[in-house]
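Report on the following structure.
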Amino acid sequence: MDLYGRDLICTQDWSFSELVAALDLAARMKRDRFSARWASILQYKTFIMFFYNPSVRTRLSFEAAATELGGHAQFMTPSAGRFKTQQQAGETIEDAATVMARYAAGIGIRILEDKVPYYGAGDEMLLEYARWADVPLINMADDRFHPCQALADVMGWAEWYGEGPGRPDYEALRGKKFLLAWGSGALARSWCSVQAALLIASRFGMHVAMAHPEGYELDPEVIGWTQANCAAHGTGFDVVHDPDSGYEGAHVVYCRNWVTPAAYQDGVLQKQAEIEKAMAYQGWTTTAERMKRTDNAIFTHPMPVDRGSEVTDAVASGPRSAIYDIAENRLHVQKAVMALTMGNL
Amino acid sequence: MDLYGRDLICTQDWSFSELVAALDLAARMKRDRFSARWASILQYKTFIMFFYNPSVRTRLSFEAAATELGGHAQFMTPSAGRFKTQQQAGETIEDAATVMARYAAGIGIRILEDKVPYYGAGDEMLLEYARWADVPLINMADDRFHPCQALADVMGWAEWYGEGPGRPDYEALRGKKFLLAWGSGALARSWCSVQAALLIASRFGMHVAMAHPEGYELDPEVIGWTQANCAAHGTGFDVVHDPDSGYEGAHVVYCRNWVTPAAYQDGVLQKQAEIEKAMAYQGWTTTAERMKRTDNAIFTHPMPVDRGSEVTDAVASGPRSAIYDIAENRLHVQKAVMALTMGNL
Amino acid sequence: MDLYGRDLICTQDWSFSELVAALDLAARMKRDRFSARWASILQYKTFIMFFYNPSVRTRLSFEAAATELGGHAQFMTPSAGRFKTQQQAGETIEDAATVMARYAAGIGIRILEDKVPYYGAGDEMLLEYARWADVPLINMADDRFHPCQALADVMGWAEWYGEGPGRPDYEALRGKKFLLAWGSGALARSWCSVQAALLIASRFGMHVAMAHPEGYELDPEVIGWTQANCAAHGTGFDVVHDPDSGYEGAHVVYCRNWVTPAAYQDGVLQKQAEIEKAMAYQGWTTTAERMKRTDNAIFTHPMPVDRGSEVTDAVASGPRSAIYDIAENRLHVQKAVMALTMGNL
């Protein structure tokens with residue numbers, strides 16, 4: 001297996017054994033976090049983090065990852081330069097990406113739906129960067145996908161169903177029920193994290209259930225891939241439109257707000273309209289009562305958590321909450337991905 | 001003495017011998033700045049600098065400190081994320097701090113009075129971060145305290161009354177007269193640095209004198225601690241309300257503008273009103289003439305200096321100005337504090 | 001030759017052999033980029049990058065340079081502090097620079113014409129920083145000069161006329177024709193890069209030709225130095241006012257937009273007026289047709305390229321385009337300059 005030079009735009013682009021290779025390395029790195037053997041991997045090398053959208057966890061975890069690999073992550077935003085758009089003269093992606101690749105061992109980009117003219121345009125921009133950059137391009141969340149979050153998620157679930165932190169058991173996830181539940185709230189959230197979760201859960205052999213109000217469908221292509229992943233494993237894919245029944249027998253519960261497909265219209269994110277629409281669906285919240293219907297499920301969330309709307313404090317801070325472990329796993333999986341794609345392993 | 005894992009919110013929280021341990025290590029680090037023995041202390045480790053308020057010296061000195069300890073300081077501002085406030089949904093301090101502690105060996109926070117709804121709320125926020133973060137929390141200046149500035153101050157005074165840079169003599173400060181004089185100017189400055197200076201000067205056995213117009217009283221609790229520190233040493237604590245008499249016999253002169261207690265009202269910093277109020281007190285400036293009344297005092301200031309208002313150029317750039325040495329000491333004391341609280345010493 | 005402690009404000013300040021020393025080291029560093037021998041040069045040391053104006057390439061390349069030398073470059077902007085100006089109280093350059101020099105092994109500053117009250121004021125500010133800072137001051141582009149771009153330019157030209165990347169032949173440039181052509185476009189660009197190119201081309205023994213519409217004259221002092229450099233080498237200096245004839249027999253073609261001297265008036269950059277003025281000169285573009293008149297010239301540009309206005313895609317992405325190699329050379333020349341002026345070589 002040789003992942004050197006590979007991009008990571010979506011987990012679907014990597015084979016199962018490639019994903020497992022990254023996850024296995026991540027677990028080794030977690031068990032032995034500051035070992036000298038990781039510190040030469042990116043020694044004296046630069047990773048460029050290009051944030052069209054700001055972020056806390058993504059920034060902190062990628063920058064710490066580069067540091068722990070002996071390198072350095074540079075923080076950059078588009079405001080630092082003049083980039084070509086349909087409205088203004090400026091630098092092309094061809095030029096920007098080609099030059100970045102001369103300086104850096106790898107490039108990460110984050111671009112969400114509010115920075116692009118239509119759904120999918122952010123992901124297309126990443127592919128354009130990847131086309132011109134001679135070094136690996138890592139998706140730090142775009143409008144469609146969030147592969148590093150997905151890897152952190154599945155590692156966390158496998159730790160909780162395995163032998164604990166740094167001891168994930170991916171076999172243990174096979175046949176378990178993964179519930180993705182829409183969550184109430186006024187945050188009008190992106191699809192990238194929840195779509196990434198659908199793809200990775202189905203990829204690792206879990207039954208997938210989705211619960212959301214009608215009208216909150218996700219990207220049909222992602223749903224299609226999820227169904228295909230399930231079909232390959234012989235697992236089920238179910239959708240319900242009530243806030244309760246999906247919890248029945250679940251092993252992993254993921255509850256998060258997201259927008260409707262109508263959010264992406266006419267090149268403008270309809271954020272206010274989406275907030276008003278979401279207000280009609282109060283109480284789509286993961287509560288201790290609902291968790292009782294599950295098979296002692298763990299609670300998972302990519303953070304930041306909208307406490308009180310998506311999940312109650314009792315669940316988010318409770319004994320079956322995996323949220324902090326998964327947030328920590330961002331660091332470990334990103335170290336592993338950087339090491340395998342950019343490093344001198 | 002084991003400071004590993006300890007927070008530094010206010011110098012009053014540390015015992016005298018703990019403060020001296022940090023200061024002694026700072027002096028050793030200053031004498032031998034780039035020794036290899038410091039460079040493994042934070043090797044491959046991350047220190048998160050979270051700036052609610054911007055800063056030059058604090059940013060530069062903490063980031064350089066992490067670099068010189070072999071680690072890396074990440075620069076973060078709240079604009080990078082959506083944090084919960086009374087007005088908006090967002091991430092709780094519980095969640096933010098818990099996750100930061102998974103990535104970093106320590107966290108520094110700077111938050112001044114203009115970012116919080118009432119005096120003391122910044123300090124309370126730091127305590128809330130410290131409650132949830134499993135790693136040391138360093139106060140990089142809040143609305144009440146500025147402990148790293150205080151340590152740099154007293155180290156500088158002790159160098160000038162000792163054997164010079166890197167050779168402080170803390171015994172030499174006992175019984176010396178410390179003057180904290182209010183300074184003219186339109187900067188409507190925070191209380192944190194001057195309160196930190198009162199606490200540290202009194203803690204190290206100095207007589208404390210304050211000179212300020214009536215109405216410019218500081219936090220009564222801080223004044224009470226200062227008086228208690230003086231009482232424990234048998235030294236005096238005096239307040240005068242004229243711009244001249246305080247200089248008599250002083251050994252260390254600190255002149256800086258600050259706001260009245262009325263600045264903190266109704267959740268809004270009354271900056272313009274404070275500037276107008278301060279305009280009534282012209283000429284509260286440290287001049288060469290006033291310095292002649294002292295016992296050959298040194299001039300101290302946490303910078304940035306408001307030249308012409310707080311102090312004349314002749315004094316600020318004169319032969320008894322300790323301002324640059326003290327600014328440099330920020331680096332050394334912060335290296336020492338980070339090493340003792342977070343490091344593999 | 002001892003460059004330790006030296007500033008780099010303009011290439012004219014350095015002797016020819018000093019420039020060559022930096023360029024020779026840059027080529028060695030390019031050929032052997034991640035050798036351990038460079039990594040101790042700035043180990044655990046800090047380089048402060050102070051950006052009054054934002055930048056992509058300058059930021060990325062300086063920060064990567066510091067990392068590859070084992071050190072760390074801190075990113076700072078004036079918004080982080082309150083600096084004294086004619087309009088407001090604040091910190092003096094004396095104080096800011098003196099303190100920065102206590103923390104850092106070197107300081108870089110970028111300040112362009114839109115941040116200063118008159119042409120040349122940015123360069124004067126750099127000299128004022130250099131006066132007070134006890135460590136080397138590197139010009140990361142000011143309103144007059146851009147010495148690191150100039151070094152990257154000449155290194156790239158000498159690589160293309162030498163034996164390729166990392167194998168420059170500076171002798172091969174002697175007597176070659178360098179064309180600096182004004183370029184169409186609405187970007188109202190600074191003079192710093194093109195003036196830097198005139199100075200370095202003439203310094204290395206090239207014939208210099210300028211082509212620009214009347215009224216687009218550059219700084220008379222820079223033109224004078226360029227003429228003196230040419231005179232010292234016995235090479236020519238010609239100016240034409242049409243978009244075609246300058247290409248005749250050229251070996252290096254540099255085409256870039258710049259403003260007229262009238263842009264700098266009354267303390268305000270007349271950007272909109274300059275854009276309108278430039279609109280009268282369409283078609284001052286480097287095209288494949290014009291390149292046919294040259295002696296198989298290479299195309300050079302400091303980037304970002306305004307494709308379609310300054311140069312066509314066919315030329316900018318063509319087989320004789322040196323633009324990416326030169327962008328890469330920013331890294332190598334800056335590493336060399338930092339190593340020689342600040343390092344433990």
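Here's how to read the names in the structure tokens: chain A, B, ... by the order shown, residue numbers from 1 in each chain, ligand numbers from 1 in the order shown.
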For stretch 40-49 of chain C, list every protein, DNA or RNA residue within 6 Å, evaluated using only C-alpha atoms, and leave out those in the same chain fewer than 4 positions away; present the list as a PyMOL selection string. (chain B and resi 67-68) or (chain C and resi 69-76+104-108+343-344)
Quick one: everything within 10 Å of B:Arg167, counting only C-alpha atoms, minus sequence neighbours fewer than 5 positions away in the same chain. Send it as a list in words.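 Once the adjacent positions are removed, what remains is Asp24, Ala27, Arg28, Lys30, Arg31, Met155, Gly156, Ala158, Glu159, Trp160, Tyr161 and Gly162 of chain B.
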Just C-alpha atoms for this one: save the residues we selected as a short mmCIF file (atom, residue, chain, number, x, y, z; two decimals), in the first residue's frame.
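Written out: out.cif:
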data_model
loop_
_atom_site.label_atom_id
_atom_site.label_comp_id
_atom_site.auth_asym_id
_atom_site.auth_seq_id
_atom_site.Cartn_x
_atom_site.Cartn_y
_atom_site.Cartn_z
CA ASP B 24 14.96 31.71 39.32
CA ALA B 27 16.99 34.04 35.16
CA ARG B 28 18.81 30.81 34.30
CA LYS B 30 17.92 34.37 30.31
CA ARG B 31 21.61 33.76 31.02
CA MET B 155 12.50 40.37 37.69
CA GLY B 156 13.50 43.60 35.97
CA ALA B 158 15.59 42.95 40.87
CA GLU B 159 18.04 42.94 37.96
CA TRP B 160 18.49 46.71 38.19
CA TYR B 161 18.98 46.50 41.96
CA GLY B 162 20.99 43.32 41.56
#
Excluding C:Thr285 and its own-chain neighbours fewer than 5 positions away, which residues fall within 8 Å of it when counting only C-alpha atoms? Please give them as a VMD selection string. chain C and resid 183 to 184 243 255 308 to 312
Keeping only C-alpha atoms, write the selected residues as a JSON list (two decimals), in the first residue's frame.
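Result written to again_4.json:
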[["chain", "number", "residue", "atom", "x", "y", "z"],
["C", 183, "GLY", "CA", 1.19, 45.74, -18.78],
["C", 184, "SER", "CA", -2.47, 46.52, -19.25],
["C", 243, "PRO", "CA", 4.03, 47.98, -26.89],
["C", 255, "CYS", "CA", 5.51, 42.50, -18.24],
["C", 308, "GLY", "CA", -5.21, 38.12, -20.16],
["C", 309, "SER", "CA", -4.08, 41.65, -19.35],
["C", 310, "GLU", "CA", -0.38, 41.48, -18.60],
["C", 311, "VAL", "CA", 0.29, 38.22, -20.41],
["C", 312, "THR", "CA", -1.67, 35.60, -22.29]]
Using only C-alpha atoms, which residues sit within 10 Å of A:Pro213 once same-chain residues fewer than 5 positions away are excluded, as number ranges by chain? A: 181-183, 240-243, 260, 278, 280-281, 284
Go ahead and write the selection's residues with C-alpha atoms as a PDB file, in the first residue's frame.
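Printed below is result_16.pdb as written:
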ATOM      1  CA  ALA A 181     -30.944  12.117  13.294  1.00  0.00           C
ATOM      2  CA  TRP A 182     -31.717  15.636  12.189  1.00  0.00           C
ATOM      3  CA  GLY A 183     -31.442  18.086  15.093  1.00  0.00           C
ATOM      4  CA  VAL A 240     -37.949   7.679   8.964  1.00  0.00           C
ATOM      5  CA  HIS A 241     -39.627  11.049   9.361  1.00  0.00           C
ATOM      6  CA  ASP A 242     -40.329  11.143  13.063  1.00  0.00           C
ATOM      7  CA  PRO A 243     -37.994  12.121  15.889  1.00  0.00           C
ATOM      8  CA  THR A 260     -32.781  21.626   3.300  1.00  0.00           C
ATOM      9  CA  ALA A 278     -36.121  24.693  11.090  1.00  0.00           C
ATOM     10  CA  ALA A 280     -41.155  24.459  12.683  1.00  0.00           C
ATOM     11  CA  TYR A 281     -39.423  21.324  13.962  1.00  0.00           C
ATOM     12  CA  TRP A 284     -35.799  16.931  17.368  1.00  0.00           C
TER      13      TRP A 284
END
Going by DSSP on the backbone, which residues of stretch 67-279 of chain A come out as strand (DSSP E)? List them as number ranges by chain. A: 72-76, 106-111, 137-142, 177-182, 207-211, 237-240, 252-256, 264-265, 268-269
Let's have the selection written as a CSV table (one decimal), in the first residue's frame, with C-alpha atoms.
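This is the output file selection_6.csv:
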chain,number,residue,atom,x,y,z
A,72,HIS,CA,4.8,23.4,10.7
A,73,ALA,CA,1.3,24.2,9.5
A,74,GLN,CA,0.9,27.7,8.1
A,75,PHE,CA,-2.5,29.4,8.5
A,76,MET,CA,-3.7,31.3,5.5
A,106,GLY,CA,0.9,19.3,1.4
A,107,ILE,CA,-2.1,21.7,1.3
A,108,GLY,CA,-5.4,21.6,3.3
A,109,ILE,CA,-8.4,23.6,2.2
A,110,ARG,CA,-11.7,24.4,4.0
A,111,ILE,CA,-14.5,26.0,2.0
A,137,LEU,CA,-4.5,18.1,-1.1
A,138,ILE,CA,-6.5,17.4,2.1
A,139,ASN,CA,-10.1,18.3,2.4
A,140,MET,CA,-10.5,20.2,5.7
A,141,ALA,CA,-14.3,20.3,5.1
A,142,ASP,CA,-15.9,21.5,1.9
A,177,LYS,CA,-27.1,0.3,13.9
A,178,PHE,CA,-26.0,3.9,13.1
A,179,LEU,CA,-28.7,6.5,13.5
A,180,LEU,CA,-28.2,9.9,11.9
A,181,ALA,CA,-30.9,12.1,13.3
A,182,TRP,CA,-31.7,15.6,12.2
A,207,HIS,CA,-26.8,-0.6,9.4
A,208,VAL,CA,-27.7,3.0,8.6
A,209,ALA,CA,-30.9,4.8,9.7
A,210,MET,CA,-31.7,8.4,9.0
A,211,ALA,CA,-34.4,10.4,10.8
A,237,PHE,CA,-30.5,1.7,4.9
A,238,ASP,CA,-33.7,3.2,6.3
A,239,VAL,CA,-35.3,6.6,6.5
A,240,VAL,CA,-37.9,7.7,9.0
A,252,VAL,CA,-24.4,4.9,17.6
A,253,VAL,CA,-26.6,8.0,17.7
A,254,TYR,CA,-25.5,11.1,15.7
A,255,CYS,CA,-27.8,14.1,16.0
A,256,ARG,CA,-27.1,17.4,14.2
A,264,TYR,CA,-28.7,26.4,-2.1
A,265,GLN,CA,-30.5,28.7,-4.4
A,268,VAL,CA,-26.9,32.7,-2.2
A,269,LEU,CA,-27.2,30.6,0.9
Which residues of chain C are close to chain A, meaning at most 6 Å apart when you count only C-alpha atoms, and how do they look as JSON, numbers by chain? {"C": [54, 55, 56, 67, 68, 304, 328]}
